[in-house]
$ cat entry_7.csv   # CSV, C-alpha atoms and all ligand atoms
chain,number,residue,atom,x,y,z
A,1,MET,CA,3.4,-26.8,55.0
A,2,VAL,CA,2.5,-25.4,51.7
A,3,GLU,CA,-1.2,-25.3,50.6
A,4,ASN,CA,-2.1,-24.5,47.0
A,5,GLY,CA,1.5,-23.5,46.4
A,6,LYS,CA,1.4,-21.0,49.3
A,7,SER,CA,2.9,-21.1,52.7
A,8,ARG,CA,0.7,-20.7,55.8
A,9,LYS,CA,3.2,-18.5,57.7
A,10,VAL,CA,1.7,-15.6,59.6
A,11,VAL,CA,3.9,-12.8,61.0
A,12,VAL,CA,2.5,-10.6,63.8
A,13,VAL,CA,4.2,-7.2,64.2
A,14,GLY,CA,3.6,-5.9,67.7
A,15,ALA,CA,3.5,-8.6,70.5
A,16,GLY,CA,1.5,-6.5,72.9
A,17,ALA,CA,-2.1,-7.2,74.0
A,18,VAL,CA,-3.7,-7.4,70.6
A,19,GLY,CA,-0.8,-9.2,68.8
A,20,SER,CA,-0.4,-11.9,71.5
A,21,THR,CA,-4.1,-12.4,71.9
A,22,PHE,CA,-4.5,-12.8,68.1
A,23,ALA,CA,-1.6,-15.3,68.0
A,24,TYR,CA,-3.2,-17.3,70.9
A,25,ALA,CA,-6.6,-17.5,69.1
A,26,LEU,CA,-4.9,-18.3,65.7
A,27,ALA,CA,-2.9,-21.1,67.2
A,28,GLN,CA,-6.0,-22.7,68.7
A,29,ARG,CA,-7.7,-22.7,65.3
A,30,GLY,CA,-4.7,-24.5,63.7
A,31,LEU,CA,-4.9,-22.4,60.5
A,32,ALA,CA,-1.3,-21.3,60.4
A,33,GLU,CA,1.7,-23.6,60.1
A,34,GLU,CA,4.0,-21.0,61.7
A,35,ILE,CA,3.3,-17.9,63.8
A,36,VAL,CA,6.2,-15.4,64.2
A,37,LEU,CA,6.1,-12.5,66.6
A,38,ILE,CA,8.1,-9.4,66.0
A,39,ASP,CA,8.3,-6.4,68.4
A,40,ALA,CA,10.6,-3.4,68.9
A,41,ASN,CA,10.9,-4.9,72.3
A,42,HIS,CA,12.5,-8.2,71.3
A,43,ASP,CA,12.5,-9.6,74.8
A,44,LEU,CA,8.7,-9.2,74.9
A,45,ALA,CA,8.3,-11.0,71.6
A,46,GLU,CA,10.6,-13.8,72.9
A,47,ALA,CA,8.6,-14.1,76.1
A,48,GLN,CA,5.2,-14.0,74.4
A,49,ALA,CA,6.3,-16.6,71.8
A,50,LEU,CA,7.7,-18.9,74.5
A,51,ASP,CA,4.5,-18.6,76.7
A,52,LEU,CA,2.4,-19.4,73.6
A,53,ALA,CA,4.7,-22.2,72.4
A,54,HIS,CA,4.4,-24.0,75.8
A,55,GLY,CA,0.8,-24.6,75.0
A,56,ALA,CA,1.8,-26.8,72.0
A,57,PRO,CA,0.5,-30.1,73.4
A,58,TYR,CA,-3.0,-28.6,73.6
A,59,TYR,CA,-3.6,-27.0,70.2
A,60,PRO,CA,-3.2,-28.2,66.6
A,61,SER,CA,0.3,-28.3,65.2
A,62,THR,CA,1.7,-24.8,64.9
A,63,GLN,CA,5.3,-23.5,65.3
A,64,ILE,CA,5.4,-20.3,67.3
A,65,ARG,CA,8.6,-18.2,67.7
A,66,ALA,CA,9.9,-14.7,67.9
A,67,GLY,CA,11.4,-13.4,64.6
A,68,GLU,CA,13.3,-10.8,62.7
A,69,LYS,CA,12.6,-8.7,59.6
A,70,GLU,CA,13.9,-11.5,57.4
A,71,ASP,CA,10.7,-13.4,58.3
A,72,TYR,CA,8.7,-11.0,56.2
A,73,ALA,CA,10.2,-12.5,53.0
A,74,ASP,CA,8.1,-15.7,52.9
A,75,ALA,CA,5.2,-14.7,55.1
A,76,ARG,CA,1.7,-15.3,53.7
A,77,VAL,CA,0.0,-12.7,55.9
A,78,ILE,CA,1.6,-9.9,58.0
A,79,VAL,CA,-0.6,-8.5,60.7
A,80,ILE,CA,0.5,-5.1,62.1
A,81,THR,CA,-0.6,-4.4,65.6
A,82,ALA,CA,2.4,-2.2,66.5
A,83,GLY,CA,1.8,1.2,67.9
A,84,THR,CA,2.3,3.6,70.8
A,85,LYS,CA,-0.3,5.0,73.2
A,86,GLN,CA,-1.1,8.7,73.6
A,87,ALA,CA,1.5,10.3,76.0
A,88,PRO,CA,0.2,12.7,78.7
A,89,GLY,CA,-0.5,16.1,77.0
A,90,GLU,CA,0.1,14.7,73.5
A,91,SER,CA,-2.2,15.9,70.8
A,92,ARG,CA,-4.2,13.4,68.6
A,93,LEU,CA,-2.3,14.7,65.6
A,94,ALA,CA,1.1,14.2,67.3
A,95,LEU,CA,0.1,10.6,68.1
A,96,LEU,CA,-1.1,10.0,64.6
A,97,LYS,CA,2.2,11.3,63.2
A,98,ARG,CA,4.1,9.0,65.6
A,99,ASN,CA,2.1,5.9,64.7
A,100,SER,CA,2.2,6.8,61.0
A,101,GLY,CA,6.0,6.9,61.3
A,102,ILE,CA,6.0,3.5,63.0
A,103,ILE,CA,3.9,2.0,60.2
A,104,GLU,CA,6.0,3.5,57.5
A,105,SER,CA,9.2,2.1,59.0
A,106,ILE,CA,7.6,-1.4,59.3
A,107,VAL,CA,6.3,-1.3,55.8
A,108,ASP,CA,9.8,-0.2,54.5
A,109,GLU,CA,11.3,-3.3,56.2
A,110,ILE,CA,8.6,-5.5,54.7
A,111,THR,CA,9.1,-4.3,51.2
A,112,GLY,CA,12.8,-4.3,51.7
A,113,GLU,CA,12.6,-8.1,52.2
A,114,GLY,CA,10.7,-8.5,48.9
A,115,SER,CA,7.6,-9.9,50.7
A,116,HIS,CA,4.7,-11.2,48.7
A,117,ALA,CA,2.4,-11.2,51.8
A,118,ILE,CA,-1.0,-9.7,52.3
A,119,LEU,CA,-0.7,-6.9,54.8
A,120,LEU,CA,-3.4,-6.5,57.5
A,121,VAL,CA,-3.2,-3.3,59.5
A,122,THR,CA,-4.9,-3.2,63.0
A,123,SER,CA,-3.1,-0.3,64.7
A,124,ASN,CA,-5.2,2.8,65.3
A,125,PRO,CA,-6.4,5.0,63.7
A,126,VAL,CA,-6.7,2.0,61.5
A,127,ASP,CA,-8.3,3.5,58.4
A,128,VAL,CA,-5.7,6.3,58.2
A,129,LEU,CA,-2.8,3.9,58.9
A,130,THR,CA,-4.1,1.5,56.2
A,131,ASP,CA,-3.9,4.3,53.7
A,132,VAL,CA,-0.4,5.2,54.9
A,133,ALA,CA,0.7,1.5,54.6
A,134,LEU,CA,-0.8,1.1,51.2
A,135,LYS,CA,0.8,4.3,49.7
A,136,ARG,CA,4.2,3.5,51.3
A,137,SER,CA,4.2,-0.1,50.1
A,138,GLY,CA,3.4,0.7,46.5
A,139,TRP,CA,1.5,-2.6,46.5
A,140,THR,CA,-1.8,-3.2,44.7
A,141,LYS,CA,-4.8,-2.1,46.9
A,142,GLY,CA,-6.2,-5.5,47.5
A,143,ARG,CA,-3.0,-6.6,49.3
A,144,VAL,CA,-3.0,-3.9,51.9
A,145,ILE,CA,-6.2,-3.9,54.1
A,146,GLY,CA,-7.2,-2.7,57.5
A,147,SER,CA,-9.3,-4.5,60.1
A,148,GLY,CA,-11.9,-1.8,59.5
A,149,THR,CA,-15.2,-2.3,61.1
A,150,VAL,CA,-15.1,-6.1,61.5
A,151,LEU,CA,-14.8,-5.8,65.3
A,152,ASP,CA,-17.6,-3.2,65.4
A,153,SER,CA,-19.8,-5.4,63.3
A,154,ALA,CA,-19.2,-8.3,65.6
A,155,ARG,CA,-20.3,-6.2,68.6
A,156,PHE,CA,-23.3,-5.1,66.6
A,157,ARG,CA,-24.3,-8.7,65.7
A,158,TYR,CA,-23.8,-9.8,69.3
A,159,LEU,CA,-26.0,-7.0,70.8
A,160,LEU,CA,-28.7,-7.6,68.2
A,161,SER,CA,-28.7,-11.4,68.9
A,162,GLN,CA,-29.0,-10.7,72.6
A,163,HIS,CA,-31.8,-8.3,72.0
A,164,CYS,CA,-33.7,-10.5,69.6
A,165,GLY,CA,-32.9,-13.7,71.6
A,166,VAL,CA,-31.6,-15.6,68.5
A,167,ASP,CA,-28.3,-17.3,67.6
A,168,VAL,CA,-25.7,-14.7,66.6
A,169,SER,CA,-25.0,-16.7,63.4
A,170,ASN,CA,-28.6,-15.9,62.3
A,171,VAL,CA,-27.9,-12.2,62.6
A,172,HIS,CA,-26.4,-10.5,59.5
A,173,ALA,CA,-25.4,-6.9,60.1
A,174,TYR,CA,-22.6,-4.4,59.4
A,175,ILE,CA,-21.2,-1.3,60.9
A,176,LEU,CA,-19.6,0.6,58.1
A,177,GLY,CA,-17.3,3.7,57.6
A,178,GLU,CA,-14.6,4.8,59.9
A,179,HIS,CA,-13.5,2.5,62.7
A,180,GLY,CA,-14.3,5.4,65.1
A,181,ASP,CA,-16.9,7.9,66.1
A,182,SER,CA,-18.4,8.4,62.7
A,183,GLU,CA,-19.1,4.7,62.0
A,184,PHE,CA,-22.7,3.9,61.4
A,185,PRO,CA,-25.1,0.8,61.2
A,186,ALA,CA,-26.2,-0.2,57.7
A,187,TRP,CA,-29.7,-1.0,58.8
A,188,SER,CA,-30.7,-1.5,55.1
A,189,MET,CA,-28.4,-4.6,55.1
A,190,THR,CA,-29.4,-6.0,58.5
A,191,ASN,CA,-31.5,-9.2,58.6
A,192,VAL,CA,-32.3,-11.9,61.0
A,193,ALA,CA,-32.4,-15.3,59.3
A,194,GLY,CA,-33.0,-13.6,56.0
A,195,VAL,CA,-35.9,-11.4,57.2
A,196,SER,CA,-35.0,-7.7,56.9
A,197,ILE,CA,-34.8,-6.1,60.4
A,198,ASP,CA,-37.6,-3.7,59.4
A,199,ASP,CA,-39.9,-6.7,58.9
A,200,TYR,CA,-38.5,-8.7,61.8
A,201,CYS,CA,-39.0,-6.1,64.5
A,202,PRO,CA,-42.8,-5.9,64.2
A,203,LEU,CA,-43.0,-9.7,63.9
A,204,CYS,CA,-40.9,-10.4,67.0
A,205,ASN,CA,-42.9,-7.9,69.0
A,206,LYS,CA,-40.5,-8.3,72.0
A,207,CYS,CA,-39.8,-4.6,72.7
A,208,LYS,CA,-42.3,-1.8,73.0
A,209,ASN,CA,-40.3,0.8,71.0
A,210,TRP,CA,-37.8,-0.9,68.7
A,211,GLN,CA,-36.7,2.4,67.2
A,212,ALA,CA,-35.4,3.5,70.6
A,213,GLU,CA,-33.9,0.0,71.2
A,214,ARG,CA,-32.0,0.3,67.9
A,215,GLU,CA,-30.5,3.6,68.9
A,216,LYS,CA,-29.5,2.2,72.2
A,217,ILE,CA,-27.8,-0.8,70.5
A,218,VAL,CA,-25.8,1.5,68.2
A,219,ARG,CA,-24.8,3.8,71.1
A,220,THR,CA,-23.5,0.7,73.0
A,221,VAL,CA,-21.5,-0.5,69.9
A,222,LYS,CA,-19.9,3.0,69.6
A,223,GLU,CA,-19.1,3.2,73.3
A,224,SER,CA,-17.8,-0.3,73.7
A,225,ALA,CA,-14.2,0.4,73.3
A,226,TYR,CA,-14.2,3.5,75.6
A,227,HIS,CA,-16.1,1.5,78.2
A,228,ILE,CA,-13.7,-1.5,78.1
A,229,ILE,CA,-10.6,0.7,78.0
A,230,ASN,CA,-11.8,2.7,81.0
A,231,TYR,CA,-12.0,-0.5,83.0
A,232,LYS,CA,-9.1,-2.6,81.8
A,233,GLY,CA,-6.9,-0.4,79.7
A,234,ALA,CA,-7.2,-2.1,76.3
A,235,THR,CA,-9.5,-4.3,74.2
A,236,TYR,CA,-7.9,-7.4,72.8
A,237,PHE,CA,-10.1,-10.6,73.0
A,238,ALA,CA,-12.7,-9.7,70.4
A,239,ILE,CA,-10.3,-8.0,68.0
A,240,GLY,CA,-8.1,-11.1,68.3
A,241,MET,CA,-11.0,-13.2,67.1
A,242,ALA,CA,-11.9,-10.7,64.4
A,243,LEU,CA,-8.3,-10.9,63.1
A,244,VAL,CA,-8.5,-14.7,63.0
A,245,ARG,CA,-11.7,-14.4,60.9
A,246,ILE,CA,-10.0,-12.1,58.4
A,247,VAL,CA,-6.7,-14.1,58.3
A,248,GLY,CA,-8.6,-17.4,58.0
A,249,ALA,CA,-10.5,-16.0,54.9
A,250,ILE,CA,-7.1,-15.3,53.3
A,251,LEU,CA,-5.3,-18.6,54.3
A,252,GLN,CA,-8.3,-20.7,53.2
A,253,ASP,CA,-9.3,-18.5,50.2
A,254,GLN,CA,-12.8,-18.3,51.6
A,255,ARG,CA,-14.0,-15.3,49.6
A,256,SER,CA,-15.8,-14.1,52.7
A,257,VAL,CA,-17.6,-10.8,52.7
A,258,LEU,CA,-16.2,-8.7,55.6
A,259,PRO,CA,-16.2,-4.9,56.3
A,260,VAL,CA,-12.4,-4.5,56.2
A,261,SER,CA,-10.9,-1.1,55.5
A,262,THR,CA,-10.0,-0.9,51.8
A,263,LEU,CA,-9.2,1.8,49.3
A,264,LEU,CA,-12.3,3.2,47.5
A,265,GLU,CA,-11.7,4.2,43.9
A,266,GLY,CA,-15.2,5.5,42.8
A,267,GLU,CA,-17.2,2.9,44.8
A,268,TYR,CA,-20.1,4.6,46.7
A,269,GLY,CA,-19.1,7.8,44.8
A,270,LEU,CA,-15.9,8.1,47.0
A,271,GLN,CA,-12.3,8.4,45.9
A,272,ASP,CA,-8.9,7.9,47.5
A,273,VAL,CA,-9.9,7.0,51.1
A,274,CYS,CA,-9.7,3.7,53.0
A,275,LEU,CA,-12.7,2.8,55.2
A,276,GLY,CA,-14.8,-0.1,56.2
A,277,VAL,CA,-17.1,-1.4,53.4
A,278,PRO,CA,-18.2,-5.0,52.7
A,279,SER,CA,-15.4,-6.6,50.7
A,280,VAL,CA,-14.7,-10.0,49.3
A,281,ILE,CA,-11.6,-11.5,50.9
A,282,GLY,CA,-9.6,-14.5,49.7
A,283,GLN,CA,-6.1,-15.6,49.1
A,284,GLY,CA,-5.2,-12.4,47.2
A,285,GLY,CA,-6.7,-10.1,49.9
A,286,VAL,CA,-9.6,-7.9,48.8
A,287,SER,CA,-10.7,-8.9,45.3
A,288,GLU,CA,-14.0,-6.9,45.1
A,289,ILE,CA,-15.9,-4.3,47.0
A,290,VAL,CA,-19.6,-5.1,47.4
A,291,GLU,CA,-21.5,-1.9,46.5
A,292,ALA,CA,-24.6,-2.4,48.6
A,293,PRO,CA,-27.7,-0.4,47.8
A,294,LEU,CA,-27.4,1.7,51.0
A,295,SER,CA,-30.2,4.2,51.9
A,296,PRO,CA,-29.6,7.9,51.3
A,297,ASN,CA,-28.9,8.4,55.0
A,298,GLU,CA,-26.4,5.6,55.0
A,299,ILE,CA,-24.6,7.0,51.9
A,300,GLU,CA,-24.5,10.4,53.7
A,301,ALA,CA,-23.0,8.7,56.8
A,302,LEU,CA,-20.4,7.0,54.6
A,303,ARG,CA,-19.5,10.3,53.0
A,304,ASN,CA,-19.2,11.9,56.4
A,305,SER,CA,-16.7,9.2,57.5
A,306,ALA,CA,-14.8,9.7,54.3
A,307,ARG,CA,-14.6,13.5,54.9
A,308,ILE,CA,-13.3,13.0,58.4
A,309,LEU,CA,-10.6,10.5,57.3
A,310,GLN,CA,-9.5,12.6,54.3
A,311,SER,CA,-9.1,15.6,56.6
A,312,ALA,CA,-6.9,13.5,59.0
A,313,LEU,CA,-4.8,12.4,56.0
A,314,LYS,CA,-4.4,16.0,54.9
A,315,GLU,CA,-3.4,17.1,58.4
A,316,LEU,CA,-0.8,14.2,58.4
A,317,LYS,CA,0.8,15.5,55.2
A,318,GLU,CA,1.0,19.2,56.4
A,401,LIG,N1,-8.6,-1.9,64.8
A,401,LIG,C1,-9.2,-2.3,65.9
A,401,LIG,O1,-10.4,-2.8,65.8
A,401,LIG,C2,-8.4,-2.3,67.1
A,401,LIG,C3,-8.9,-2.9,68.3
A,401,LIG,C4,-8.1,-2.9,69.5
A,401,LIG,C5,-6.8,-2.3,69.4
A,401,LIG,N2,-6.4,-1.7,68.3
A,401,LIG,C6,-5.1,-1.0,68.1
A,401,LIG,O2,-4.0,-2.0,68.1
A,401,LIG,C7,-2.8,-1.4,68.5
A,401,LIG,C8,-2.1,-2.3,69.5
A,401,LIG,O3,-2.8,-2.3,70.7
A,401,LIG,P1,-2.3,-3.1,72.0
A,401,LIG,O4,-3.3,-3.0,73.1
A,401,LIG,O5,-1.8,-4.4,71.6
A,401,LIG,O6,-1.0,-2.2,72.4
A,401,LIG,P2,0.3,-2.6,73.2
A,401,LIG,O7,1.0,-1.4,73.6
A,401,LIG,O8,0.0,-3.7,74.1
A,401,LIG,O9,1.2,-3.3,72.0
A,401,LIG,C9,1.8,-2.6,71.0
A,401,LIG,C10,3.2,-3.2,70.8
A,401,LIG,O10,3.8,-2.5,69.6
A,401,LIG,C11,5.2,-2.6,69.8
A,401,LIG,N3,5.8,-1.6,68.9
A,401,LIG,C12,5.9,-0.3,69.0
A,401,LIG,N4,6.6,0.2,67.9
A,401,LIG,C13,7.0,-0.9,67.2
A,401,LIG,C14,7.8,-1.0,66.0
A,401,LIG,N5,8.3,0.0,65.3
A,401,LIG,N6,8.0,-2.3,65.6
A,401,LIG,C15,7.5,-3.4,66.2
A,401,LIG,N7,6.8,-3.3,67.4
A,401,LIG,C16,6.5,-2.0,67.8
A,401,LIG,C17,5.3,-2.2,71.3
A,401,LIG,O11,6.6,-2.6,71.8
A,401,LIG,C18,4.2,-3.0,71.9
A,401,LIG,O12,4.6,-4.2,72.4
A,401,LIG,C19,-3.2,0.0,69.0
A,401,LIG,O13,-2.9,0.9,68.0
A,401,LIG,C20,-4.7,-0.1,69.3
A,401,LIG,O14,-5.3,1.1,69.2
A,401,LIG,C21,-7.1,-1.7,67.1
$ encode --input "entry_7.csv" --output "structure tokens"
Amino acid sequence: MVENGKSRKVVVVGAGAVGSTFAYALAQRGLAEEIVLIDANHDLAEAQALDLAHGAPYYPSTQIRAGEKEDYADARVIVITAGTKQAPGESRLALLKRNSGIIESIVDEITGEGSHAILLVTSNPVDVLTDVALKRSGWTKGRVIGSGTVLDSARFRYLLSQHCGVDVSNVHAYILGEHGDSEFPAWSMTNVAGVSIDDYCPLCNKCKNWQAEREKIVRTVKESAYHIINYKGATYFAIGMALVRIVGAILQDQRSVLPVSTLLEGEYGLQDVCLGVPSVIGQGGVSEIVEAPLSPNEIEALRNSARILQSALKELKE
């Protein structure tokens, strides 16, 4: 089916834990007319697609199948979740180089097919790989985005809602910067039902020391992935939902504000780095970056993330 002259075909590159969970969540929402799985391990893509397709009687009409690079040509959104894990004894830089090579080869195939899609990178380190994909594609910056801190912000909102005892949909909060250790909470943008968190905490009066509680929440957000990976080897349910949120904003031209990873060109005083900042997302990808009036500490934290990411990109080029 074509909506507003545009197809609703979503191609997922990488049919592992994240790619297949995203496909499962997307199928249940009925947002895509067709979901195509591509993986270097074609048998895996076939098996995942079959397993998903067998649920057809129980979710809205969506065709699900394994595909080939030719599927990039008429895709509306391409989500890259392909990557390899750190081998024993392998350095972080060696892993980065390997995953960067994987992303470049996938992007070459996508551009080789003359695709007009929006490209959404999820593979880690997501901010660096978004930059790699953007430069390799030669596409305009709004069309190549990373999942950024959308997942981290969901974790943050969930923990705040649990702490405050209110519906998560009443909690507006963002984790910004690198999807990684230097990410930070934008407390200046945090509100509960429109009441800034600084005004809400004294009103709510549930905890004795809300400053300490806030630090604990942020620590938990940052440690979430490590904690889950320690116990079950990977995280995939919440990132699957976060990807559906981003892809839904594109397919339905929602103009949602989400902290995806996007190229900064002077915004927040930063140049030539992709990181998670609030961005308006619709059918063309990112159309605007929202330059929020962050506090001086938050601006410094954003700059710190930028420095870390720029030095990783420099290492990659050496
Ligand atoms: N950005 C986020 O918030 C976030 C959250 C969770 C996971 N991730 C990242 O997502 C990525 C995928 O994680 P996973 O748990 O699904 O891993 P996984 O190992 O289960 O799946 C990765 C898949 O990529 C495939 N692949 C490798 N090279 C390929 C290529 N050149 N072309 C096509 N497919 C290729 C592999 O065969 C494998 O099936 C990782 O980089 C992980 O760190 C990101």
$ atom_distance --input "entry_7.csv" --atom1 "atom CA of Gln162 of chain A" --atom2 "atom C6 of ligand LIG 401 (chain A)"
26.2 Å
$ atom_distance --input "entry_7.csv" --atom1 "atom C6 of ligand LIG 401 (chain A)" --atom2 "atom CA of Val247 of chain A"
16.4 Å
$ residues_near_ligand --input "entry_7.csv" --ligand "ligand LIG 401 (chain A)" --cutoff "7 Å" --atoms "all atoms listed in the file" --output "number ranges by chain"
A: 13-19, 38-41, 44, 81-85, 102, 105-106, 122-126, 147-149, 151, 179, 234-236, 239
$ residues_around --input "entry_7.csv" --residues "Asp272 of chain A" --least-positions-apart "3" --cutoff "8 Å" --atoms "only C-alpha atoms" --output "ChimeraX atom specification"
/A:263-265
$ residues_around --input "entry_7.csv" --residues "Gly55 of chain A" --least-positions-apart "4" --cutoff "10 Å" --atoms "all atoms listed in the file" --output "PyMOL selection string"
chain A and resi 24+27-28+50-51+59-60+64
$ closest_residue --input "entry_7.csv" --among "A:Glu223, A:Glu34, A:Glu318, A:Asp43" --to "Gln63 of chain A" --atoms "only C-alpha atoms"
A:Glu34
$ closest_residue --input "entry_7.csv" --among "A:Ile80, A:Leu243, A:Ala312, A:Ile250" --to "Gly282 of chain A" --atoms "only C-alpha atoms"
A:Ile250
$ closest_residue --input "entry_7.csv" --among "A:Arg29, A:Leu313, A:Val12, A:Tyr226" --to "Leu93 of chain A" --atoms "all atoms listed in the file"
A:Leu313
$ decode --input "entry_7.csv" --residues "segment 87-95 of chain A" --atoms "all heavy atoms" --output "short mmCIF file (atom, residue, chain, number, x, y, z; two decimals), in the first residue's frame"
data_model
loop_
_atom_site.label_atom_id
_atom_site.label_comp_id
_atom_site.auth_asym_id
_atom_site.auth_seq_id
_atom_site.Cartn_x
_atom_site.Cartn_y
_atom_site.Cartn_z
N ALA A 87 35.26 -9.84 20.11
CA ALA A 87 35.88 -11.17 20.21
C ALA A 87 36.80 -11.17 21.44
O ALA A 87 37.29 -10.11 21.85
CB ALA A 87 36.69 -11.46 18.96
N PRO A 88 37.05 -12.37 22.06
CA PRO A 88 37.93 -12.39 23.24
C PRO A 88 39.28 -11.75 22.90
O PRO A 88 39.88 -12.08 21.87
CB PRO A 88 38.09 -13.90 23.54
CG PRO A 88 36.93 -14.55 22.86
CD PRO A 88 36.55 -13.70 21.69
N GLY A 89 39.71 -10.82 23.74
CA GLY A 89 41.01 -10.17 23.54
C GLY A 89 40.98 -9.04 22.53
O GLY A 89 41.99 -8.36 22.34
N GLU A 90 39.85 -8.81 21.87
CA GLU A 90 39.78 -7.76 20.85
C GLU A 90 39.65 -6.39 21.51
O GLU A 90 38.90 -6.23 22.48
CB GLU A 90 38.59 -8.01 19.94
CG GLU A 90 38.52 -7.04 18.76
CD GLU A 90 37.32 -7.32 17.85
OE1 GLU A 90 36.25 -7.69 18.37
OE2 GLU A 90 37.46 -7.17 16.64
N SER A 91 40.38 -5.40 20.98
CA SER A 91 40.29 -4.07 21.57
C SER A 91 39.00 -3.39 21.12
O SER A 91 38.39 -3.76 20.11
CB SER A 91 41.48 -3.22 21.14
OG SER A 91 41.34 -2.88 19.78
N ARG A 92 38.61 -2.32 21.88
CA ARG A 92 37.40 -1.57 21.55
C ARG A 92 37.55 -0.94 20.16
O ARG A 92 36.63 -0.91 19.36
CB ARG A 92 37.22 -0.48 22.62
CG ARG A 92 35.92 0.25 22.58
CD ARG A 92 35.99 1.48 23.47
NE ARG A 92 37.13 2.32 23.16
CZ ARG A 92 37.16 3.21 22.19
NH1 ARG A 92 36.11 3.40 21.43
NH2 ARG A 92 38.23 3.94 21.94
N LEU A 93 38.80 -0.46 19.88
CA LEU A 93 39.04 0.18 18.58
C LEU A 93 38.94 -0.83 17.43
O LEU A 93 38.37 -0.54 16.38
CB LEU A 93 40.41 0.86 18.59
CG LEU A 93 40.75 1.64 17.33
CD1 LEU A 93 39.74 2.75 17.06
CD2 LEU A 93 42.16 2.22 17.42
N ALA A 94 39.48 -2.04 17.67
CA ALA A 94 39.42 -3.08 16.62
C ALA A 94 37.96 -3.43 16.33
O ALA A 94 37.57 -3.59 15.16
CB ALA A 94 40.19 -4.32 17.06
N LEU A 95 37.14 -3.50 17.39
CA LEU A 95 35.71 -3.81 17.20
C LEU A 95 35.03 -2.66 16.44
O LEU A 95 34.25 -2.90 15.51
CB LEU A 95 35.02 -4.00 18.56
CG LEU A 95 33.50 -4.20 18.48
CD1 LEU A 95 33.16 -5.57 17.91
CD2 LEU A 95 32.85 -4.04 19.85
#
